[in-house]
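Below is coords_38.txt, holding compact mmCIF, C-alpha atoms.
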```txt
# COMPACT_ATOMS: atom_id res chain seq x y z
CA TRP L 33 -4.03 6.55 -26.68
CA SER L 34 -6.06 8.21 -29.43
CA GLU L 35 -8.62 9.24 -26.79
CA LEU L 36 -5.84 10.76 -24.71
CA GLN L 37 -4.52 12.72 -27.69
CA SER L 38 -7.96 13.95 -28.71
CA GLU L 39 -8.75 15.06 -25.15
CA ASN L 40 -5.48 16.96 -24.95
CA LYS L 41 -6.46 18.79 -28.13
CA LEU L 42 -9.89 19.58 -26.75
CA ASP L 43 -8.47 20.80 -23.47
CA GLY L 44 -5.87 22.95 -25.19
CA GLU L 45 -2.48 23.83 -23.80
CA THR L 46 -2.35 26.53 -21.17
CA ALA L 47 0.37 29.11 -20.74
CA SER L 48 1.76 27.20 -17.78
CA ASP L 49 1.93 24.05 -19.92
CA SER L 50 3.93 25.89 -22.54
CA GLU L 51 6.28 27.34 -19.98
CA SER L 52 6.77 23.94 -18.41
CA LYS L 53 7.46 22.34 -21.79
CA SER L 54 10.04 24.96 -22.72
CA GLU L 55 11.80 24.68 -19.38
CA PHE L 56 11.95 20.91 -19.36
CA GLY L 57 13.03 20.98 -22.97
CA GLY L 58 11.02 17.92 -23.98
CA SER L 59 8.22 17.13 -26.32
CA PRO L 60 5.21 15.06 -25.28
CA ALA L 61 6.08 11.44 -24.73
CA VAL L 62 5.15 9.09 -27.53
CA PRO L 63 2.69 6.31 -26.83
CA THR L 64 4.13 2.98 -25.86
CA SER L 65 4.32 0.30 -28.50
CA ASP L 66 2.11 -2.77 -28.49
CA ASP L 67 3.61 -5.07 -25.88
CA THR L 68 1.04 -7.86 -26.15
CA PRO L 69 2.70 -11.31 -26.36
CA GLU L 70 2.88 -12.62 -29.91
CA VAL L 71 0.96 -15.76 -28.93
CA LEU L 72 -2.03 -13.67 -27.82
CA ASN L 73 -1.74 -11.41 -30.86
CA ARG L 74 -2.08 -14.39 -33.20
CA ALA L 75 -4.86 -16.04 -31.18
CA LEU L 76 -6.92 -12.83 -31.01
CA SER L 77 -6.11 -11.43 -34.44
CA ASN L 78 -9.68 -11.84 -35.72
CA LEU L 79 -11.21 -9.79 -32.90
CA SER L 80 -11.84 -6.06 -32.83
CA SER L 81 -9.43 -3.95 -30.80
CA ARG L 82 -12.09 -3.53 -28.10
CA TRP L 83 -12.61 -7.26 -27.58
CA LYS L 84 -8.93 -8.01 -28.07
CA ASN L 85 -8.09 -5.63 -25.21
CA TRP L 86 -10.82 -7.27 -23.11
CA TRP L 87 -9.34 -10.74 -23.57
CA VAL L 88 -5.74 -9.60 -23.05
CA ARG L 89 -6.65 -7.82 -19.82
CA GLY L 90 -8.72 -10.79 -18.67
CA ILE L 91 -6.02 -13.39 -19.29
CA LEU L 92 -3.29 -11.30 -17.66
CA THR L 93 -5.61 -10.51 -14.71
CA LEU L 94 -6.16 -14.24 -14.09
CA ALA L 95 -2.41 -14.78 -14.25
CA MET L 96 -1.80 -12.02 -11.67
CA ILE L 97 -4.53 -13.38 -9.37
CA THR L 98 -2.96 -16.84 -9.58
CA PHE L 99 0.42 -15.35 -8.68
CA PHE L 100 -1.25 -13.53 -5.75
CA PHE L 101 -2.63 -16.83 -4.41
CA ILE L 102 0.80 -18.44 -4.71
CA ILE L 103 2.59 -15.76 -2.69
CA ILE L 104 -0.13 -15.90 -0.02
CA TYR L 105 0.43 -19.64 0.25
CA LEU L 106 4.18 -19.11 0.63
CA GLY L 107 3.66 -17.06 3.81
CA PRO L 108 4.40 -13.68 5.42
CA MET L 109 8.10 -13.47 4.58
CA VAL L 110 7.45 -13.92 0.87
CA LEU L 111 4.63 -11.37 1.03
CA MET L 112 6.95 -8.81 2.63
CA THR L 113 9.58 -9.50 -0.02
CA ILE L 114 7.02 -9.01 -2.79
CA VAL L 115 5.86 -5.74 -1.22
CA MET L 116 9.48 -4.56 -1.17
CA CYS L 117 9.97 -5.52 -4.84
CA VAL L 118 6.74 -3.79 -5.88
CA GLN L 119 7.82 -0.68 -3.99
CA ILE L 120 11.18 -0.57 -5.80
CA LYS L 121 9.54 -1.10 -9.21
CA CYS L 122 6.92 1.62 -8.61
CA PHE L 123 9.64 4.01 -7.48
CA HIS L 124 11.66 3.17 -10.59
CA GLU L 125 8.71 3.83 -12.90
CA ILE L 126 7.93 7.25 -11.42
CA ILE L 127 11.56 8.33 -11.16
CA THR L 128 12.20 7.22 -14.76
CA ILE L 129 9.57 9.68 -15.97
CA GLY L 130 11.38 12.47 -14.12
CA TYR L 131 14.75 11.25 -15.31
CA ASN L 132 13.67 11.35 -18.96
CA VAL L 133 12.96 15.06 -18.48
CA TYR L 134 15.96 15.72 -16.25
CA HIS L 135 18.46 13.89 -18.47
CA SER L 136 17.85 16.34 -21.32
CA TYR L 137 20.06 18.83 -19.48
CA ASP L 138 22.67 16.18 -18.62
CA LEU L 139 22.77 17.37 -15.02
CA PRO L 140 24.63 15.16 -12.54
CA TRP L 141 23.57 12.93 -9.70
CA PHE L 142 19.77 12.99 -10.03
CA ARG L 143 19.31 9.24 -10.53
CA THR L 144 22.06 8.42 -8.02
CA LEU L 145 20.57 10.72 -5.39
CA SER L 146 17.05 9.39 -6.02
CA TRP L 147 18.11 5.82 -5.30
CA TYR L 148 20.24 6.96 -2.37
CA PHE L 149 17.23 8.67 -0.77
CA LEU L 150 15.18 5.50 -1.40
CA LEU L 151 17.83 3.53 0.49
CA CYS L 152 17.84 6.03 3.37
CA VAL L 153 14.06 6.07 3.76
CA ASN L 154 13.83 2.27 3.61
CA TYR L 155 16.61 1.98 6.19
CA PHE L 156 14.65 4.27 8.50
CA PHE L 157 11.24 2.60 8.10
CA TYR L 158 12.39 -1.00 8.11
CA GLY L 159 14.73 -0.28 11.00
CA GLU L 160 11.75 0.99 12.98
CA THR L 161 9.80 -2.14 12.05
CA VAL L 162 12.62 -4.48 13.09
CA THR L 163 12.98 -2.70 16.44
CA ASP L 164 9.24 -2.83 17.02
CA TYR L 165 8.41 -6.40 15.99
CA PHE L 166 11.75 -8.17 16.59
CA PHE L 167 12.56 -6.48 19.88
CA THR L 168 13.80 -9.60 21.70
CA LEU L 169 16.02 -10.64 18.80
CA VAL L 170 17.47 -7.12 18.57
CA GLN L 171 18.27 -7.04 22.28
CA ARG L 172 19.88 -10.47 22.08
CA GLU L 173 22.39 -9.55 19.36
CA GLU L 174 24.90 -6.86 20.36
CA PRO L 175 25.41 -5.33 16.86
CA LEU L 176 21.64 -5.10 16.32
CA ARG L 177 21.15 -3.60 19.78
CA ILE L 178 23.65 -0.83 19.00
CA LEU L 179 22.10 -0.15 15.60
CA SER L 180 18.66 -0.07 17.20
CA LYS L 181 19.73 2.33 19.94
CA TYR L 182 21.18 4.87 17.49
CA HIS L 183 18.88 4.02 14.59
CA ARG L 184 17.25 7.43 14.20
CA PHE L 185 20.54 9.29 14.48
CA ILE L 186 22.10 7.04 11.81
CA SER L 187 19.04 7.54 9.58
CA PHE L 188 19.24 11.31 9.94
CA ALA L 189 22.98 11.29 9.22
CA LEU L 190 22.41 9.27 6.05
CA TYR L 191 19.69 11.65 4.87
CA LEU L 192 21.82 14.67 5.72
CA THR L 193 24.62 13.26 3.57
CA GLY L 194 22.24 13.03 0.60
CA PHE L 195 20.98 16.55 1.27
CA CYS L 196 24.51 17.93 1.19
CA MET L 197 25.25 15.98 -2.01
CA PHE L 198 22.20 17.57 -3.63
CA VAL L 199 23.33 21.08 -2.66
CA LEU L 200 26.79 20.41 -4.08
CA SER L 201 25.24 19.16 -7.35
CA LEU L 202 23.36 22.42 -8.05
CA VAL L 203 24.23 23.87 -11.46
CA LYS L 204 23.90 27.55 -12.34
CA LYS L 205 20.92 28.47 -14.54
CA HIS L 206 19.13 25.22 -13.73
CA TYR L 207 18.46 25.70 -10.04
CA ARG L 208 14.68 25.67 -10.39
CA LEU L 209 14.71 22.49 -12.48
CA GLN L 210 16.90 20.71 -9.93
CA PHE L 211 14.62 21.73 -7.10
CA TYR L 212 11.68 20.42 -9.14
CA MET L 213 13.44 17.06 -9.28
CA PHE L 214 14.33 17.19 -5.59
CA GLY L 215 10.65 17.66 -4.80
CA TRP L 216 9.74 14.96 -7.35
CA THR L 217 11.92 12.43 -5.55
CA HIS L 218 10.56 13.27 -2.10
CA VAL L 219 6.91 13.17 -3.18
CA THR L 220 7.59 9.80 -4.81
CA LEU L 221 9.13 8.55 -1.57
CA LEU L 222 6.09 9.79 0.35
CA ILE L 223 3.63 8.09 -1.99
CA VAL L 224 5.47 4.81 -2.55
CA VAL L 225 7.76 4.00 0.37
CA THR L 226 5.59 5.28 3.20
CA GLN L 227 2.52 3.44 1.90
CA SER L 228 4.38 0.16 1.36
CA HIS L 229 5.65 0.43 4.93
CA LEU L 230 2.03 0.73 6.10
CA ILE L 231 1.12 -2.36 4.06
CA ILE L 232 3.71 -4.37 5.99
CA HIS L 233 2.39 -3.00 9.29
CA ASN L 234 -1.11 -4.13 8.27
CA LEU L 235 0.30 -7.57 7.50
CA PHE L 236 1.69 -7.89 11.03
CA GLU L 237 -1.82 -7.29 12.42
CA GLY L 238 -2.93 -10.48 10.66
CA MET L 239 -2.86 -11.60 7.06
CA ILE L 240 -6.59 -10.95 6.80
CA TRP L 241 -5.91 -7.21 7.16
CA PHE L 242 -3.53 -7.51 4.21
CA ILE L 243 -5.49 -9.84 1.93
CA VAL L 244 -9.06 -8.49 2.29
CA PRO L 245 -8.25 -4.82 1.50
CA ILE L 246 -6.03 -5.71 -1.45
CA SER L 247 -8.61 -8.20 -2.75
CA CYS L 248 -11.39 -5.61 -2.44
CA VAL L 249 -9.41 -3.15 -4.56
CA ILE L 250 -8.73 -5.87 -7.14
CA CYS L 251 -12.40 -6.92 -7.15
CA ASN L 252 -13.57 -3.32 -7.57
CA ASP L 253 -11.12 -2.78 -10.42
CA ILE L 254 -12.34 -5.91 -12.21
CA MET L 255 -16.07 -5.46 -11.60
CA ALA L 256 -16.04 -1.75 -12.44
CA TYR L 257 -14.33 -2.65 -15.73
CA MET L 258 -16.86 -5.43 -16.41
CA PHE L 259 -19.93 -3.33 -15.63
CA GLY L 260 -18.50 -0.41 -17.57
CA PHE L 261 -17.58 -2.62 -20.54
CA PHE L 262 -21.03 -4.15 -20.92
CA PHE L 263 -23.36 -1.48 -19.51
CA GLY L 264 -21.32 1.75 -19.42
CA ARG L 265 -22.99 4.75 -21.04
CA THR L 266 -22.49 7.73 -18.73
CA PRO L 267 -18.95 9.18 -18.36
CA LEU L 268 -17.82 9.45 -14.74
CA ILE L 269 -14.83 11.80 -14.74
CA LYS L 270 -12.96 13.68 -17.44
CA LEU L 271 -9.54 12.46 -16.25
CA SER L 272 -10.52 8.90 -17.21
CA PRO L 273 -12.97 9.06 -20.14
CA LYS L 274 -13.49 5.27 -20.16
CA LYS L 275 -14.74 5.27 -16.55
CA THR L 276 -18.54 5.30 -16.32
CA TRP L 277 -21.13 5.73 -13.60
CA GLU L 278 -22.52 2.29 -14.40
CA GLY L 279 -19.12 0.73 -13.77
CA PHE L 280 -18.57 2.81 -10.62
CA ILE L 281 -21.93 1.84 -9.06
CA GLY L 282 -21.81 -1.78 -10.19
CA GLY L 283 -18.27 -2.12 -8.86
CA PHE L 284 -19.39 -0.75 -5.48
CA PHE L 285 -22.16 -3.29 -4.87
CA ALA L 286 -20.10 -6.18 -6.21
CA THR L 287 -17.14 -5.23 -3.98
CA VAL L 288 -19.24 -4.96 -0.81
CA LEU L 289 -20.75 -8.39 -1.47
CA PHE L 290 -17.34 -9.85 -2.29
CA GLY L 291 -15.84 -8.36 0.90
CA LEU L 292 -18.56 -9.94 3.05
CA LEU L 293 -18.10 -13.38 1.49
CA LEU L 294 -14.29 -13.32 1.56
CA SER L 295 -14.27 -12.12 5.18
CA TYR L 296 -16.63 -14.91 6.21
CA VAL L 297 -14.39 -17.55 4.65
CA MET L 298 -11.09 -16.17 5.97
CA SER L 299 -12.34 -15.42 9.51
CA GLY L 300 -12.57 -19.14 10.20
CA TYR L 301 -8.84 -19.78 9.72
CA ARG L 302 -6.27 -18.87 12.36
CA CYS L 303 -3.50 -18.59 9.79
CA PHE L 304 -5.30 -15.52 8.42
CA THR L 305 -6.69 -13.96 11.60
CA CYS L 306 -3.76 -14.28 14.03
CA PRO L 307 -1.14 -11.50 14.16
CA VAL L 308 2.13 -12.32 12.46
CA GLU L 309 4.70 -12.64 15.26
CA PHE L 310 8.35 -13.58 15.37
CA ASN L 311 9.16 -16.69 17.43
CA ASN L 312 12.53 -16.20 19.10
CA ASP L 313 12.92 -19.89 19.87
CA THR L 314 12.56 -21.05 16.26
CA ASN L 315 13.71 -17.79 14.63
CA SER L 316 10.67 -17.86 12.35
CA PHE L 317 7.28 -16.21 11.95
CA THR L 318 4.24 -17.75 13.65
CA VAL L 319 0.53 -17.13 13.06
CA ASP L 320 -1.00 -19.22 15.84
CA CYS L 321 -3.20 -17.74 18.57
CA GLU L 322 -6.61 -17.85 20.18
CA PRO L 323 -8.91 -15.89 17.82
CA SER L 324 -10.09 -12.57 19.17
CA GLU L 325 -13.78 -11.61 19.39
CA LEU L 326 -13.52 -10.11 15.91
CA PHE L 327 -13.20 -13.62 14.49
CA GLN L 328 -15.79 -15.48 16.57
CA LEU L 329 -19.30 -16.03 15.23
CA GLN L 330 -21.95 -13.92 16.92
CA GLU L 331 -25.69 -13.54 16.50
CA TYR L 332 -27.10 -10.21 15.32
CA ASN L 333 -30.72 -9.07 15.15
CA ILE L 334 -31.90 -8.07 11.70
CA PRO L 335 -33.73 -4.70 11.53
CA LEU L 336 -37.53 -5.04 11.40
CA VAL L 337 -37.62 -3.36 8.00
CA LEU L 338 -35.51 -6.14 6.49
CA GLN L 339 -37.05 -9.07 8.39
CA SER L 340 -40.08 -9.16 6.09
CA VAL L 341 -37.79 -9.15 3.05
CA VAL L 342 -35.26 -11.84 4.03
CA GLY L 343 -37.55 -13.86 6.29
CA TRP L 344 -34.97 -14.05 9.12
CA LYS L 345 -34.97 -12.43 12.54
CA THR L 346 -31.31 -13.03 13.34
CA VAL L 347 -28.13 -13.75 11.45
CA ARG L 348 -24.85 -15.32 12.57
CA MET L 349 -21.75 -13.58 11.28
CA TYR L 350 -18.25 -12.59 12.28
CA PRO L 351 -17.78 -9.04 13.66
CA PHE L 352 -14.94 -8.64 11.15
CA GLN L 353 -17.52 -8.84 8.37
CA ILE L 354 -18.99 -5.57 9.61
CA HIS L 355 -15.55 -3.99 9.39
CA SER L 356 -15.18 -5.47 5.92
CA ILE L 357 -18.12 -3.33 4.79
CA ALA L 358 -16.11 -0.22 5.72
CA LEU L 359 -13.04 -1.58 3.92
CA SER L 360 -14.90 -2.53 0.75
CA THR L 361 -16.83 0.76 0.74
CA PHE L 362 -13.59 2.71 0.88
CA ALA L 363 -12.04 0.47 -1.79
CA SER L 364 -14.92 1.10 -4.19
CA LEU L 365 -15.84 4.73 -3.48
CA ILE L 366 -12.60 6.44 -2.41
CA GLY L 367 -9.95 4.01 -3.67
CA PRO L 368 -10.61 4.82 -7.36
CA PHE L 369 -9.54 8.40 -6.69
CA GLY L 370 -6.01 7.04 -6.36
CA GLY L 371 -6.43 5.87 -9.95
CA PHE L 372 -7.86 9.24 -10.99
CA PHE L 373 -4.88 10.94 -9.38
CA ALA L 374 -2.54 8.68 -11.35
CA SER L 375 -4.51 9.42 -14.54
CA GLY L 376 -4.09 13.14 -13.98
CA PHE L 377 -0.38 12.64 -13.40
CA LYS L 378 0.02 10.68 -16.63
CA ARG L 379 -1.94 13.24 -18.62
CA ALA L 380 0.22 16.02 -17.24
CA PHE L 381 3.24 14.32 -18.84
CA LYS L 382 1.43 13.06 -21.95
CA ILE L 383 2.02 9.38 -21.25
CA LYS L 384 -0.42 6.48 -21.53
CA ASP L 385 1.02 4.24 -18.80
CA PHE L 386 3.79 4.42 -16.21
CA ALA L 387 5.55 1.56 -18.03
CA ASN L 388 4.76 -1.46 -20.21
CA THR L 389 5.66 -4.16 -17.69
CA ILE L 390 2.28 -5.97 -17.89
CA PRO L 391 0.68 -6.27 -21.36
CA GLY L 392 -2.77 -4.71 -21.42
CA HIS L 393 -2.31 -3.21 -17.95
CA GLY L 394 0.74 -0.91 -18.21
CA GLY L 395 3.28 -0.68 -15.42
CA ILE L 396 3.26 -1.98 -11.86
CA MET L 397 2.30 1.51 -10.64
CA ASP L 398 -0.74 1.42 -12.94
CA ARG L 399 -1.99 -1.58 -10.97
CA PHE L 400 -1.07 -0.32 -7.50
CA ASP L 401 -2.19 3.31 -7.72
CA CYS L 402 -5.31 2.53 -5.64
CA GLN L 403 -3.58 0.05 -3.32
CA TYR L 404 -1.37 2.68 -1.71
CA LEU L 405 -4.33 4.85 -0.77
CA MET L 406 -6.08 1.77 0.59
CA ALA L 407 -3.05 0.84 2.71
CA THR L 408 -3.12 4.19 4.49
CA PHE L 409 -6.84 3.87 5.22
CA VAL L 410 -6.48 0.34 6.64
CA ASN L 411 -3.60 1.40 8.88
CA VAL L 412 -5.55 4.40 10.20
CA TYR L 413 -8.69 2.25 10.60
CA ILE L 414 -6.84 -0.37 12.65
CA ALA L 415 -5.22 2.27 14.86
CA SER L 416 -8.56 4.08 15.40
CA PHE L 417 -11.06 1.24 15.82
CA ILE L 418 -9.24 -2.09 16.28
CA ARG L 419 -5.84 -2.02 17.93
CA GLY L 420 -5.56 -1.77 21.69
CA PRO L 421 -2.56 -1.74 24.05
CA ASN L 422 -0.15 -4.60 23.37
CA PRO L 423 0.91 -6.25 26.67
CA SER L 424 3.70 -8.31 25.09
CA LYS L 425 5.45 -5.24 23.68
CA LEU L 426 5.05 -3.46 27.03
CA ILE L 427 6.66 -6.38 28.85
CA GLN L 428 9.50 -6.50 26.32
CA GLN L 429 10.30 -2.85 26.97
CA PHE L 430 9.92 -3.34 30.72
CA LEU L 431 12.55 -6.11 30.72
CA THR L 432 15.14 -3.83 29.09
CA LEU L 433 15.00 -1.29 31.93
CA ARG L 434 17.49 -1.16 34.78
CA PRO L 435 16.58 -3.19 37.92
CA ASP L 436 15.83 -0.04 39.95
CA GLN L 437 13.51 1.24 37.21
CA GLN L 438 11.74 -2.13 37.05
CA LEU L 439 11.27 -2.12 40.82
CA HIS L 440 9.84 1.41 40.74
CA ILE L 441 7.31 0.44 38.06
CA PHE L 442 6.44 -2.73 40.01
CA ASN L 443 5.71 -0.79 43.22
CA THR L 444 3.70 1.84 41.32
CA LEU L 445 1.61 -0.84 39.58
CA LYS L 446 1.13 -2.73 42.83
CA ALA L 447 -0.10 0.38 44.63
CA HIS L 448 -2.48 1.10 41.74
CA LEU L 449 -3.96 -2.42 41.87
CA VAL L 450 -4.40 -2.16 45.65
CA ASP L 451 -6.30 1.11 45.23
CA LYS L 452 -8.52 -0.60 42.66
CA GLY L 453 -9.23 -3.40 45.16
CA MET L 454 -7.71 -6.04 42.87
CA LEU L 455 -4.97 -6.94 45.43
CA GLY L 456 -4.83 -7.10 49.20
CA SER L 457 -3.48 -4.17 51.21
CA LEU L 458 0.18 -3.32 51.00
CA GLU L 459 0.68 -4.53 54.56
CA ASP L 460 -0.85 -7.94 53.80
CA ALA L 461 1.26 -8.21 50.65
```
In structure tokens, write the structure found in this file.
Amino acid sequence: WSELQSENKLDGETASDSESKSEFGGSPAVPTSDDTPEVLNRALSNLSSRWKNWWVRGILTLAMITFFFIIIYLGPMVLMTIVMCVQIKCFHEIITIGYNVYHSYDLPWFRTLSWYFLLCVNYFFYGETVTDYFFTLVQREEPLRILSKYHRFISFALYLTGFCMFVLSLVKKHYRLQFYMFGWTHVTLLIVVTQSHLIIHNLFEGMIWFIVPISCVICNDIMAYMFGFFFGRTPLIKLSPKKTWEGFIGGFFATVLFGLLLSYVMSGYRCFTCPVEFNNDTNSFTVDCEPSELFQLQEYNIPLVLQSVVGWKTVRMYPFQIHSIALSTFASLIGPFGGFFASGFKRAFKIKDFANTIPGHGGIMDRFDCQYLMATFVNVYIASFIRGPNPSKLIQQFLTLRPDQQLHIFNTLKAHLVDKGMLGSLEDA
């Protein structure tokens, strides 16, 4: 915190900062109090603050990793529930910062409208997901079928209601402040809700697409901290004065190696590689399938330059491991910019952390600032390089058409296959 205060003094306060402070009517936020558990405080009382922070962060990191393993073991439904809870907590932390500023004018409805818009956006996104991945179940239940058919209209009507409520809440002389908060809420929804929705989409592609990217970000965060703690000498970026080039580079190589090893282990288990699908017969999720080529061992030739170094001519590995290099590279080189963005945001409002939920780590948003950026990349990566047409979804949609429409598509497809020489002539058929 002292580093943050000293940097603010060095940077100085610009005219825009002064104007913003006078308009929002607040003074810089005070640093959060020490939230370290008393047990750890007593056990580490003889250590310097630097080493005490190292041990607190380390112990709480191991606890969070253990919790991560537990929720993975409990399956996809628990993972989705945790993602939803994390989304709500991150939204709460960001909105609370805005509310602390907004509440100084005692203007109505900001917090109510913020949570209302969160409800609307979640209704829209999760409704789309249910329609997409639970299509047969939706068509089987009449109420769900009606909600699915008019889902987007209902979503728009809900949003429009919130929009009208916002307009009616406008107070003279504070219009600009209220529009600031309106934008604040919508940017928060874009950052938090949209990204968490993409995380769930990645999970449906197979738990490996959920676990490996998240684990790579966690690994990079830990290894960058370790390399920076022991070897860091050169500052990396002014927004985060404790970040160093040594930590950044060391974290990169460690994350790439970790991604390769984790991908090799997980690619051999169907429970991780198979897409998460809903079984209509048992009304439960299943992760059983025949592994795709991505998760089957193949032999690759090693470049001649490296053959003399490693002593091998070929290597057997899963194709997914090659994709893991792209994922871990993004997690270690681009992912940290999500953290830098969050650091800039916190400095703009003179706060140390988004909250004090996790001792030594700050709030939930402090731990997931890089994860949201990673989720978007993984979703785009899958759509661009991995995912192909899904026959099962196509058949599901085909079965919902009227009989005459189904017959038309059948005749069109049959004629196409005849032209391709894959079926006999129309007369023979």
Close residues, segment 399-416 of chain L itself excluded, 6 Å, only C-alpha atoms, min 4 positions apart in chain, as a ChimeraX atom specification
/L:227,231,367,370-371
Would you mind telling me which residue in L:Ala374, L:Ile334, L:Val308, L:Leu209 lies nearest to Asp398 of chain L when using only C-alpha atoms?
->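 Once distances to Asp398 of chain L are computed over only C-alpha atoms, the minimum belongs to L:Ala374.
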Legend entry - For atom CA of Leu292 of chain L and atom CA of Trp344 of chain L, the interatomic separation in Å (one decimal):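 Those two atoms sit 18.0 Å apart.
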Determine, counting only C-alpha atoms, which protein, DNA and RNA residues have an atom within 6 Å of an atom of segment 233-241 of chain L; residues of the same chain fewer than 5 positions away are not included. Present the result as an NGL selection string.
:L and (304-308)
Minimum-distance residue to Gly260 of chain L, chosen among L:Phe381, L:Asp436, L:Trp86, L:Ile178 (using only C-alpha atoms):
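Once distances to Gly260 of chain L are computed over only C-alpha atoms, the minimum belongs to L:Trp86.
Between atom CA of Ser364 of chain L and atom CA of Asn252 of chain L lies a distance of 5.7 Å.
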What does the structure give for the distance between atom CA of Pro108 of chain L and atom CA of Ile250 of chain L, in Å to one decimal?
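So the answer is 19.8 Å.
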Within 10 Å of Thr389 of chain L, counting all atoms listed in the file, which residues qualify if same-chain residues fewer than 5 places away don't, as a list in words? Asp67, Lys121, Glu125, Gly394, Gly395, Ile396, Met397 and Asp398 of chain L
Exercise: Tyr191 of chain L partners within 9 Å, all atoms listed in the file, chain neighbours under 5 positions left out, as an mmCIF file with C-alpha atoms, keeping the file's coordinate frame:
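Output below, filename selection15.cif:
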```cif
data_model
loop_
_atom_site.group_PDB
_atom_site.id
_atom_site.type_symbol
_atom_site.label_atom_id
_atom_site.label_comp_id
_atom_site.auth_asym_id
_atom_site.auth_seq_id
_atom_site.Cartn_x
_atom_site.Cartn_y
_atom_site.Cartn_z
ATOM 1 C CA TYR L 148 20.240 6.960 -2.370
ATOM 2 C CA PHE L 149 17.230 8.670 -0.770
ATOM 3 C CA CYS L 152 17.840 6.030 3.370
ATOM 4 C CA VAL L 153 14.060 6.070 3.760
ATOM 5 C CA ILE L 186 22.100 7.040 11.810
ATOM 6 C CA CYS L 196 24.510 17.930 1.190
#
```
Please rebuild segment 408-424 of chain L with N, CA and C atoms and return the result as a compact mmCIF listing (two decimals), in the frame of the given file.
```txt
# COMPACT_ATOMS: atom_id res chain seq x y z
N THR L 408 -3.08 3.14 3.48
CA THR L 408 -3.12 4.19 4.49
C THR L 408 -4.43 4.13 5.28
N PHE L 409 -5.54 3.94 4.56
CA PHE L 409 -6.84 3.87 5.22
C PHE L 409 -6.90 2.70 6.20
N VAL L 410 -6.43 1.54 5.77
CA VAL L 410 -6.48 0.34 6.64
C VAL L 410 -5.64 0.57 7.89
N ASN L 411 -4.46 1.16 7.73
CA ASN L 411 -3.60 1.40 8.88
C ASN L 411 -4.25 2.37 9.87
N VAL L 412 -4.85 3.43 9.34
CA VAL L 412 -5.55 4.40 10.20
C VAL L 412 -6.77 3.75 10.84
N TYR L 413 -7.49 2.92 10.09
CA TYR L 413 -8.69 2.25 10.60
C TYR L 413 -8.34 1.32 11.75
N ILE L 414 -7.26 0.54 11.59
CA ILE L 414 -6.84 -0.37 12.65
C ILE L 414 -6.46 0.41 13.91
N ALA L 415 -5.68 1.47 13.72
CA ALA L 415 -5.22 2.27 14.86
C ALA L 415 -6.40 2.95 15.57
N SER L 416 -7.44 3.33 14.83
CA SER L 416 -8.56 4.08 15.40
C SER L 416 -9.62 3.19 16.02
N PHE L 417 -9.91 2.03 15.41
CA PHE L 417 -11.06 1.24 15.82
C PHE L 417 -10.74 -0.18 16.28
N ILE L 418 -9.53 -0.68 16.01
CA ILE L 418 -9.24 -2.09 16.28
C ILE L 418 -8.17 -2.29 17.34
N ARG L 419 -7.00 -1.72 17.10
CA ARG L 419 -5.84 -2.02 17.93
C ARG L 419 -5.97 -1.42 19.32
N GLY L 420 -5.63 -2.23 20.31
CA GLY L 420 -5.56 -1.77 21.69
C GLY L 420 -4.14 -1.87 22.20
N PRO L 421 -3.91 -1.59 23.49
CA PRO L 421 -2.56 -1.74 24.05
C PRO L 421 -2.05 -3.17 23.88
N ASN L 422 -0.77 -3.29 23.59
CA ASN L 422 -0.15 -4.60 23.37
C ASN L 422 0.68 -4.98 24.60
N PRO L 423 0.18 -5.90 25.44
CA PRO L 423 0.91 -6.25 26.67
C PRO L 423 2.29 -6.85 26.40
N SER L 424 2.42 -7.65 25.35
CA SER L 424 3.70 -8.31 25.09
C SER L 424 4.79 -7.29 24.77
```
